[in-house]
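Colleague: First, the structure itself, so that you have it in front of you.
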Amino acid sequence: MPVSSFDLKRVLRPNILKLEPYRCARDDYSEGILLDANENSYGPAYQVEISEGADGREELRASSCSDSLHRYPDPLGREVKQRILKLRPSIPSTDNVFLGVGSDEVIDMIVRITCTPGKDSILITPPTYGMYKVVASINDVNVVKVPLIVEEGAFQLDVDAVIQAAVSDPTVKVIWLCSPGNPTGTYLREEDVRRVLDSPFQGLVVMDEAYVDFVRADRGQSYVHLVPEYPGLFVMQTMSKSFGLAGIRLGVGVGSRELVSYLNNAKAPYNVSTLSLGVAKSALSDDGVQKMRSVIRRIQNQRDEYLIPELLRLPHVSAILGGNDANFVVCRLADSDGKPSNAIAKSVYSEMAQNRGLVVRYRGSDYGCEGCLRITVGTAEENRVVIDTLRSLLSAIP
């Protein structure tokens, strides 16, 4: 998408362009005596404790848990966005950041504002994250598939095929790329990503970077640094993986100010809760980021120095696929003739989950992943259990 010719208004649905967004109370004022949003000024019920005073009468006393849960949250999560800027210095401003209820809401919002149901399409590159297809189905949007190059576990873009499919089909509004991919665990090469961005395609290119913090520095970096250069690029990240906060459901999107403004117009007024924003703000503090990076180093070391080499020593393990740029490993199981075996992978997966208390993910049905299990890198002890259990089961298979 040559920068000079990209026009976001040609990508968005006409009704989104005309949308008059809901204006909520906290868009105007957030301080003072707030009697504008029909909140409960007495505070949240669960924090109120009833006790007996010295005179025998009941007293109401607020606990120390929080004094703000009875108020609606900042609809734009400005304090969290400020800390995201510090984490990702190449992002121009908070106006370039969108917050959603997990990455799944961000995915849904992108499809909803760009694709007309029953008419438009998205393009995905299997094997990839399954929610792109699910969200498309929910929104009655077609899916164009251009598989990754999977030979020898490469899991890289077939750039010419992606560009050809996107440019030749005017219904394609969004190209979904995943780097590092799920289930591939592979960082996409920057030269390939730039070729897609520099192509004549006039829609959005969305880069899903849920696992980007696990990429070693010599392998690559986040593509947020390309956002100022390409107005048609939108980069997604999450607090679920590297920060270990899957339970707060906070997804992050980084794009042009214009695109983020339309996403804010279309989202629910208070989509991210006070609790989620508060936890995210703490996690994005200097101490929180330092801890996150320390944990990442431990995961990388467990992945590269223990789990992968130990897996490769096991019988019936024929290969570790992909670039190993995420917090998981894709392990291929083969029969005695060296042929990838879904039967072995399924039986091992089921036995471990049902009888051994050890759950991994069977991915043999994904394109290019025949015979594969996806194994999350756990703690040192969890990883030892994985290896010991697999050794026991695989050694019993002829």
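Each chain in the structure tokens gets a letter, A, B, ..., in the order shown, and its residues are numbered from 1; ligands are numbered from 1 in order too.
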Tell me which protein, DNA and RNA residues are within 12 Å of A:Tyr29, counting only C-alpha atoms, leaving out same-chain ones fewer than 5 positions away, and put them as a ChimeraX atom specification.
Modeller: /A:23-24,34-37,71-75
Colleague: Kindly assemble as a Markdown table a list of the stretch 269-306 of chain A residues that lie within 9 Å of stretch 242-255 of chain A, each paired with its nearest atom pair and their distance in Å to one decimal, using only C-alpha atoms, sorted first by chain and then by ascending residue number.
Modeller:
| residue | atom | partner | partner_atom | distance |
| --- | --- | --- | --- | --- |
| A:Val272 | CA | A:Leu250 | CA | 7.3 |
| A:Ser273 | CA | A:Ile248 | CA | 8.8 |
| A:Leu275 | CA | A:Ile248 | CA | 7.7 |
| A:Ser276 | CA | A:Ile248 | CA | 5.1 |
| A:Leu277 | CA | A:Leu250 | CA | 8.2 |
| A:Val279 | CA | A:Ile248 | CA | 7.7 |
| A:Ala280 | CA | A:Leu250 | CA | 7.9 |
| A:Ala283 | CA | A:Phe243 | CA | 7.1 |
| A:Leu284 | CA | A:Phe243 | CA | 8.7 |
| A:Gly288 | CA | A:Phe243 | CA | 8.3 |
| A:Val289 | CA | A:Phe243 | CA | 8.0 |
| A:Lys291 | CA | A:Phe243 | CA | 8.6 |
| A:Met292 | CA | A:Phe243 | CA | 5.6 |
| A:Arg293 | CA | A:Ser242 | CA | 8.0 |
| A:Val295 | CA | A:Ser242 | CA | 8.0 |
| A:Ile296 | CA | A:Ser242 | CA | 6.7 |
Colleague: Pick from A:Phe201, A:Tyr262, A:Tyr42, A:Tyr187: nearest to A:Asn15, with only C-alpha atoms counted?
Modeller: A:Tyr262
Colleague: Find the residues around A:Val141 up to 7 Å (only C-alpha atoms counted), leave out those fewer than 4 positions away in its own chain, and share them as a ChimeraX atom specification.
Modeller: /A:115,117-121,136-137
Colleague: Please save N, CA, C and O atoms of the selected residues as a PDB file, in the first residue's frame.
Modeller:
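Ended up saving to again_14.pdb:
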ATOM      1  N   CYS A 115     -15.457  -4.631   7.306  1.00  0.00           N
ATOM      2  CA  CYS A 115     -16.063  -5.604   6.399  1.00  0.00           C
ATOM      3  C   CYS A 115     -17.586  -5.567   6.442  1.00  0.00           C
ATOM      4  O   CYS A 115     -18.193  -5.773   7.507  1.00  0.00           O
ATOM      5  N   PRO A 117     -20.989  -7.279   6.071  1.00  0.00           N
ATOM      6  CA  PRO A 117     -21.436  -8.681   6.134  1.00  0.00           C
ATOM      7  C   PRO A 117     -22.005  -9.147   4.800  1.00  0.00           C
ATOM      8  O   PRO A 117     -22.725  -8.409   4.111  1.00  0.00           O
ATOM      9  N   GLY A 118     -21.665 -10.380   4.431  1.00  0.00           N
ATOM     10  CA  GLY A 118     -22.176 -10.956   3.203  1.00  0.00           C
ATOM     11  C   GLY A 118     -21.536 -10.438   1.944  1.00  0.00           C
ATOM     12  O   GLY A 118     -21.898 -10.864   0.842  1.00  0.00           O
ATOM     13  N   LYS A 119     -20.550  -9.544   2.077  1.00  0.00           N
ATOM     14  CA  LYS A 119     -19.941  -8.942   0.893  1.00  0.00           C
ATOM     15  C   LYS A 119     -18.420  -9.015   0.920  1.00  0.00           C
ATOM     16  O   LYS A 119     -17.797  -9.437  -0.047  1.00  0.00           O
ATOM     17  N   ASP A 120     -17.821  -8.577   2.017  1.00  0.00           N
ATOM     18  CA  ASP A 120     -16.367  -8.421   2.072  1.00  0.00           C
ATOM     19  C   ASP A 120     -15.661  -9.655   2.620  1.00  0.00           C
ATOM     20  O   ASP A 120     -16.288 -10.596   3.110  1.00  0.00           O
ATOM     21  N   SER A 121     -14.318  -9.619   2.547  1.00  0.00           N
ATOM     22  CA  SER A 121     -13.492 -10.770   2.924  1.00  0.00           C
ATOM     23  C   SER A 121     -12.286 -10.325   3.743  1.00  0.00           C
ATOM     24  O   SER A 121     -11.871  -9.170   3.701  1.00  0.00           O
ATOM     25  N   ALA A 136     -14.714 -13.862  11.580  1.00  0.00           N
ATOM     26  CA  ALA A 136     -15.247 -13.657  10.235  1.00  0.00           C
ATOM     27  C   ALA A 136     -16.592 -14.356  10.071  1.00  0.00           C
ATOM     28  O   ALA A 136     -17.548 -13.784   9.525  1.00  0.00           O
ATOM     29  N   SER A 137     -16.707 -15.579  10.563  1.00  0.00           N
ATOM     30  CA  SER A 137     -17.962 -16.321  10.459  1.00  0.00           C
ATOM     31  C   SER A 137     -19.084 -15.637  11.230  1.00  0.00           C
ATOM     32  O   SER A 137     -20.217 -15.533  10.750  1.00  0.00           O
TER      33      SER A 137
END
Colleague: Enter the distance from atom CA of A:Leu373 to atom CA of A:Val329, in Å, rounded to one decimal.
Modeller: 8.2 Å
Colleague: Could you write out, as a PyMOL selection string, all the residues of stretch 76-267 of chain A that DSSP marks as alpha helix (DSSP H)?
Modeller: chain A and resi 78-87+102-114+131-138+159-168+190-197+257-266
